[in-house]
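Source file: start-v1.pdb; contents: PDB, C-alpha atoms and all ligand atoms.
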```
ATOM      1  CA  MET A   1     137.591 176.775 167.921
ATOM      2  CA  SER A   2     135.164 174.947 165.615
ATOM      3  CA  GLN A   3     134.527 176.487 162.254
ATOM      4  CA  ARG A   4     131.222 178.207 161.573
ATOM      5  CA  VAL A   5     128.934 178.309 158.543
ATOM      6  CA  LEU A   6     128.068 181.539 156.763
ATOM      7  CA  ILE A   7     124.494 181.596 155.446
ATOM      8  CA  VAL A   8     123.777 184.309 152.881
ATOM      9  CA  MET A   9     120.540 184.986 151.032
ATOM     10  CA  GLY A  10     119.475 187.457 148.367
ATOM     11  CA  SER A  11     116.458 188.852 150.197
ATOM     12  CA  ASP A  12     114.529 188.650 153.434
ATOM     13  CA  SER A  13     111.816 186.973 151.344
ATOM     14  CA  ASP A  14     114.139 183.926 151.260
ATOM     15  CA  LEU A  15     114.348 183.664 155.052
ATOM     16  CA  LYS A  16     111.435 181.284 155.523
ATOM     17  CA  VAL A  17     113.085 178.721 153.232
ATOM     18  CA  MET A  18     116.637 179.370 154.399
ATOM     19  CA  LYS A  19     115.619 178.787 158.013
ATOM     20  CA  GLY A  20     115.865 175.102 157.048
ATOM     21  CA  ALA A  21     119.651 175.433 156.947
ATOM     22  CA  CYS A  22     119.610 176.995 160.425
ATOM     23  CA  ASP A  23     117.427 174.132 161.695
ATOM     24  CA  ALA A  24     119.853 171.494 160.404
ATOM     25  CA  LEU A  25     122.874 173.284 161.873
ATOM     26  CA  ASP A  26     121.075 173.821 165.199
ATOM     27  CA  ALA A  27     120.275 170.100 165.359
ATOM     28  CA  LEU A  28     123.962 169.301 164.902
ATOM     29  CA  GLY A  29     125.312 171.989 167.232
ATOM     30  CA  VAL A  30     127.089 173.907 164.462
ATOM     31  CA  GLU A  31     127.407 177.674 164.808
ATOM     32  CA  TYR A  32     126.455 179.941 161.946
ATOM     33  CA  GLU A  33     125.824 183.534 160.944
ATOM     34  CA  VAL A  34     122.903 184.598 158.731
ATOM     35  CA  ARG A  35     123.237 187.572 156.356
ATOM     36  CA  ILE A  36     121.148 189.209 153.645
ATOM     37  CA  SER A  37     123.194 190.290 150.648
ATOM     38  CA  SER A  38     122.580 190.423 146.928
ATOM     39  CA  ALA A  39     125.012 190.149 144.057
ATOM     40  CA  HIS A  40     122.676 192.393 142.085
ATOM     41  CA  ARG A  41     121.633 194.954 144.659
ATOM     42  CA  VAL A  42     124.763 195.204 146.853
ATOM     43  CA  PRO A  43     127.586 193.694 144.780
ATOM     44  CA  ASP A  44     130.440 195.207 146.794
ATOM     45  CA  LYS A  45     129.036 193.965 150.101
ATOM     46  CA  THR A  46     128.523 190.498 148.645
ATOM     47  CA  ALA A  47     132.115 190.296 147.415
ATOM     48  CA  ARG A  48     133.410 191.559 150.772
ATOM     49  CA  LEU A  49     131.408 189.010 152.778
ATOM     50  CA  ALA A  50     132.800 186.192 150.642
ATOM     51  CA  ARG A  51     136.388 187.478 150.683
ATOM     52  CA  GLU A  52     136.430 187.917 154.461
ATOM     53  CA  ALA A  53     134.654 184.643 155.289
ATOM     54  CA  ALA A  54     137.703 182.380 155.660
ATOM     55  CA  ALA A  55     139.512 184.850 157.918
ATOM     56  CA  GLY A  56     136.290 185.225 159.919
ATOM     57  CA  GLY A  57     136.369 181.570 160.958
ATOM     58  CA  PHE A  58     133.863 180.223 158.455
ATOM     59  CA  GLY A  59     134.547 176.809 156.919
ATOM     60  CA  ALA A  60     131.672 176.672 154.438
ATOM     61  CA  ILE A  61     129.130 179.046 152.905
ATOM     62  CA  ILE A  62     125.479 178.435 152.079
ATOM     63  CA  ALA A  63     124.030 180.907 149.578
ATOM     64  CA  GLY A  64     120.325 180.931 148.723
ATOM     65  CA  ALA A  65     118.588 182.960 146.040
ATOM     66  CA  GLY A  66     115.562 182.840 143.760
ATOM     67  CA  GLY A  67     114.948 183.912 140.175
ATOM     68  CA  ALA A  68     118.121 185.021 138.377
ATOM     69  CA  ALA A  69     120.124 183.501 141.194
ATOM     70  CA  HIS A  70     123.630 184.840 140.661
ATOM     71  CA  LEU A  71     124.404 185.190 144.362
ATOM     72  CA  PRO A  72     125.910 181.719 144.998
ATOM     73  CA  GLY A  73     128.143 181.989 141.932
ATOM     74  CA  VAL A  74     129.376 185.451 142.805
ATOM     75  CA  VAL A  75     130.062 184.334 146.376
ATOM     76  CA  ALA A  76     132.001 181.336 145.016
ATOM     77  CA  ALA A  77     133.971 183.625 142.706
ATOM     78  CA  ASN A  78     135.239 185.541 145.725
ATOM     79  CA  THR A  79     136.383 182.695 147.984
ATOM     80  CA  VAL A  80     137.888 179.225 147.842
ATOM     81  CA  LEU A  81     135.679 178.070 150.717
ATOM     82  CA  PRO A  82     133.132 175.462 149.581
ATOM     83  CA  VAL A  83     129.870 177.158 148.568
ATOM     84  CA  ILE A  84     126.511 175.370 148.628
ATOM     85  CA  GLY A  85     123.776 176.987 146.563
ATOM     86  CA  VAL A  86     120.090 176.771 147.468
ATOM     87  CA  PRO A  87     117.731 177.522 144.562
ATOM     88  CA  ILE A  88     114.650 179.216 145.981
ATOM     89  CA  GLU A  89     111.161 179.012 144.556
ATOM     90  CA  SER A  90     110.073 182.550 143.731
ATOM     91  CA  GLY A  91     108.160 184.206 140.902
ATOM     92  CA  GLY A  92     106.499 182.370 138.033
ATOM     93  CA  LEU A  93     109.013 179.636 137.207
ATOM     94  CA  GLY A  94     108.764 177.594 140.404
ATOM     95  CA  GLY A  95     112.456 177.699 141.261
ATOM     96  CA  VAL A  96     113.644 176.056 138.037
ATOM     97  CA  ASP A  97     115.124 179.385 136.975
ATOM     98  CA  ALA A  98     117.187 179.570 140.181
ATOM     99  CA  LEU A  99     118.146 175.881 139.932
ATOM    100  CA  TYR A 100     119.531 176.290 136.416
ATOM    101  CA  ALA A 101     121.294 179.526 137.314
ATOM    102  CA  ILE A 102     123.040 177.895 140.280
ATOM    103  CA  VAL A 103     123.761 174.427 138.931
ATOM    104  CA  GLN A 104     125.179 175.581 135.597
ATOM    105  CA  MET A 105     128.341 177.209 136.919
ATOM    106  CA  PRO A 106     131.194 177.520 134.450
ATOM    107  CA  ARG A 107     134.209 175.254 134.847
ATOM    108  CA  GLY A 108     136.616 176.569 137.465
ATOM    109  CA  ILE A 109     134.150 178.078 139.962
ATOM    110  CA  PRO A 110     132.031 175.255 141.433
ATOM    111  CA  VAL A 111     128.904 175.634 143.527
ATOM    112  CA  ALA A 112     127.452 172.491 145.146
ATOM    113  CA  THR A 113     123.738 172.681 144.423
ATOM    114  CA  VAL A 114     120.900 171.203 146.460
ATOM    115  CA  ALA A 115     117.235 170.780 145.485
ATOM    116  CA  VAL A 116     114.840 173.694 145.029
ATOM    117  CA  ASN A 117     114.123 174.946 148.578
ATOM    118  CA  GLY A 118     116.532 172.268 149.860
ATOM    119  CA  ALA A 119     117.973 174.447 152.613
ATOM    120  CA  TYR A 120     117.909 171.673 155.240
ATOM    121  CA  ASN A 121     120.154 169.483 153.108
ATOM    122  CA  ALA A 122     122.420 172.473 152.513
ATOM    123  CA  GLY A 123     122.835 172.721 156.284
ATOM    124  CA  LEU A 124     123.616 169.014 156.544
ATOM    125  CA  LEU A 125     126.110 169.190 153.687
ATOM    126  CA  ALA A 126     127.856 172.180 155.245
ATOM    127  CA  ALA A 127     128.127 170.223 158.513
ATOM    128  CA  GLN A 128     129.549 167.238 156.636
ATOM    129  CA  ILE A 129     132.184 169.497 155.067
ATOM    130  CA  LEU A 130     133.182 170.848 158.488
ATOM    131  CA  ALA A 131     133.176 167.323 159.933
ATOM    132  CA  ALA A 132     136.183 166.441 157.757
ATOM    133  CA  GLY A 133     138.238 168.374 160.327
ATOM    134  CA  ASP A 134     136.023 167.864 163.359
ATOM    135  CA  PRO A 135     135.632 164.215 164.489
ATOM    136  CA  GLU A 136     133.141 165.091 167.230
ATOM    137  CA  LEU A 137     130.835 166.685 164.640
ATOM    138  CA  GLY A 138     131.323 163.569 162.503
ATOM    139  CA  ARG A 139     130.022 161.464 165.403
ATOM    140  CA  ARG A 140     126.948 163.703 165.698
ATOM    141  CA  LEU A 141     126.307 163.238 161.975
ATOM    142  CA  VAL A 142     126.514 159.456 162.356
ATOM    143  CA  ALA A 143     124.007 159.653 165.230
ATOM    144  CA  TYR A 144     121.704 161.750 163.021
ATOM    145  CA  ARG A 145     121.854 159.094 160.269
ATOM    146  CA  GLU A 146     121.096 156.387 162.859
ATOM    147  CA  SER A 147     118.042 158.328 164.028
ATOM    148  CA  LEU A 148     116.822 158.554 160.408
ATOM    149  CA  ALA A 149     117.241 154.799 160.001
ATOM    150  CA  ALA A 150     115.363 154.157 163.272
ATOM    151  CA  GLN A 151     112.447 156.288 162.026
ATOM    152  CA  VAL A 152     112.186 154.243 158.823
ATOM    153  CA  GLU A 153     112.316 150.983 160.771
ATOM    154  CA  LYS A 154     109.559 152.152 163.115
ATOM    155  CA  LYS A 155     107.363 153.112 160.148
ATOM    156  CA  ASP A 156     107.919 149.721 158.539
ATOM    157  CA  ASP A 157     107.160 147.910 161.823
ATOM    158  CA  ASP A 158     103.946 149.923 162.196
ATOM    159  CA  LEU A 159     102.967 149.155 158.594
ATOM    160  CA  GLN A 160     103.497 145.407 159.141
ATOM    161  CA  ARG A 161     101.495 145.521 162.360
ATOM    162  CA  LEU A 162      98.580 147.701 161.180
ATOM    163  CA  GLY A 163      98.318 146.943 157.458
ATOM    164  CA  VAL A 164      97.886 149.616 154.799
ATOM    165  CA  ALA A 165      94.387 150.782 155.776
ATOM    166  CA  GLY A 166      95.175 150.839 159.512
ATOM    167  CA  TYR A 167      98.449 152.644 158.972
ATOM    168  CA  LEU A 168      96.806 155.334 156.847
ATOM    169  CA  ALA A 169      93.928 155.683 159.327
ATOM    170  CA  GLY A 170      96.473 156.211 162.113
ATOM    171  CA  ARG A 171      98.112 159.020 160.159
ATOM    172  CA  ALA A 172      94.847 160.798 159.251
TER     173      ALA A 172
HETATM  174  N1  LIG B 201     118.657 186.169 142.947
HETATM  175  C1  LIG B 201     118.724 187.241 143.730
HETATM  176  C2  LIG B 201     119.869 188.042 143.974
HETATM  177  C3  LIG B 201     121.219 187.768 143.435
HETATM  178  O1  LIG B 201     121.406 186.704 142.801
HETATM  179  O2  LIG B 201     122.093 188.597 143.669
HETATM  180  N2  LIG B 201     119.503 189.036 144.778
HETATM  181  C4  LIG B 201     118.218 188.868 145.083
HETATM  182  N3  LIG B 201     117.741 187.787 144.452
HETATM  183  C5  LIG B 201     116.433 187.147 144.594
HETATM  184  O3  LIG B 201     115.325 187.871 144.194
HETATM  185  C6  LIG B 201     114.186 187.255 144.784
HETATM  186  C7  LIG B 201     113.127 188.300 145.056
HETATM  187  O4  LIG B 201     113.623 189.234 146.008
HETATM  188  P1  LIG B 201     112.649 190.312 146.687
HETATM  189  O5  LIG B 201     111.601 189.526 147.448
HETATM  190  O6  LIG B 201     113.531 191.124 147.615
HETATM  191  O7  LIG B 201     112.080 191.143 145.570
HETATM  192  C8  LIG B 201     114.684 186.554 146.047
HETATM  193  O8  LIG B 201     114.412 185.150 145.953
HETATM  194  C9  LIG B 201     116.168 186.846 146.042
HETATM  195  O9  LIG B 201     116.977 185.749 146.477
END
```
Written as structure tokens, how would this file's structure read?
Ligand SMILES: Nc1c(C(=O)O)ncn1[C@@H]1O[C@H](COP(=O)(O)O)[C@@H](O)[C@H]1O
Amino acid sequence: MSQRVLIVMGSDSDLKVMKGACDALDALGVEYEVRISSAHRVPDKTARLAREAAAGGFGAIIAGAGGAAHLPGVVAANTVLPVIGVPIESGGLGGVDALYAIVQMPRGIPVATVAVNGAYNAGLLAAQILAAGDPELGRRLVAYRESLAAQVEKKDDDLQRLGVAGYLAGRA
């Protein structure tokens, strides 16, 4: 059976952003489970989710949190599965607080960090991690990259054909 991705977030207020990870995994046909847990508010549950993840068939974990974002680090402390942290924009500091909290992990307990609100890339990265042991998923990732390249080529063709003003008018 293919491995799944565990998606954890600190609050339901993170769901709108974290849906990006679900969208990426859906597009690639990767199964996942979405949970709300908080290192601050439910520390025991958070540790349990992380400790049981490998045995539960998960191959990677995405953890998103805003503000004093300790969740990804605490998840990483409780598993040797790869953990991808998503800093979420919340409160007055625009997500920089969460970014620093997640990216500045101490030596020994790494968390791979994506951009502020970068949940879609977290989903892609989780899929790429699973693809190391799943050649069929690897082929779907290659097809995804080819579709990205085709989109850029189409935009460039349109720009050459229409010129700058025409291109912008077509997008308005
Ligand atoms: N950073 C953390 C943790 C944690 O790191 O354990 N638990 C919740 N939160 C974050 O607090 C923000 C506000 O949460 P509420 O909207 O529930 O007040 C959310 O972005 C959440 O990820």
Stretch 88-92 of chain A surroundings by all atoms listed in the file, 6 Å radius, close-in-sequence under 5 positions cut, as number ranges by chain: A: 65-66, 116-117
Output check: residues returned by the PyMOL selection byres (((not hetatm)) within 6 of (chain B and resi 201)), as a ChimeraX atom specification: /A:9-11,13-14,38-40,65-71,88,90
Coordinates-based distance that separates atom CA of A:Gly20 from atom CA of A:Arg140 (Å, one decimal): 18.1 Å
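Matched in the shown structure by the PyMOL selection byres (((chain A and resi 131) around 12) and not hetatm): Ser2, Gln3, Arg4, Val5, Leu28, Gly29, Val30, Gly59, Ala60, Leu124, Leu125, Ala126, Ala127, Gln128, Ile129, Leu130, Ala132, Gly133, Asp134, Pro135, Glu136, Leu137, Gly138, Arg139, Arg140, Leu141 and Val142 of chain A.
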Given the PyMOL selection byres (((chain A and resi 118) around 10) and not hetatm), the residues it picks as a VMD selection string: chain A and resid 17 to 18 20 to 21 64 85 to 88 113 to 117 119 to 123
Convert the current residue selection to file output with C-alpha atoms, as a short mmCIF file (atom, residue, chain, number, x, y, z; two decimals), in the coordinates of the input.
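Contents of the output file part_25.cif:
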```cif
data_model
loop_
_atom_site.label_atom_id
_atom_site.label_comp_id
_atom_site.auth_asym_id
_atom_site.auth_seq_id
_atom_site.Cartn_x
_atom_site.Cartn_y
_atom_site.Cartn_z
CA VAL A 17 113.08 178.72 153.23
CA MET A 18 116.64 179.37 154.40
CA GLY A 20 115.86 175.10 157.05
CA ALA A 21 119.65 175.43 156.95
CA GLY A 64 120.32 180.93 148.72
CA GLY A 85 123.78 176.99 146.56
CA VAL A 86 120.09 176.77 147.47
CA PRO A 87 117.73 177.52 144.56
CA ILE A 88 114.65 179.22 145.98
CA THR A 113 123.74 172.68 144.42
CA VAL A 114 120.90 171.20 146.46
CA ALA A 115 117.24 170.78 145.49
CA VAL A 116 114.84 173.69 145.03
CA ASN A 117 114.12 174.95 148.58
CA ALA A 119 117.97 174.45 152.61
CA TYR A 120 117.91 171.67 155.24
CA ASN A 121 120.15 169.48 153.11
CA ALA A 122 122.42 172.47 152.51
CA GLY A 123 122.84 172.72 156.28
#
```
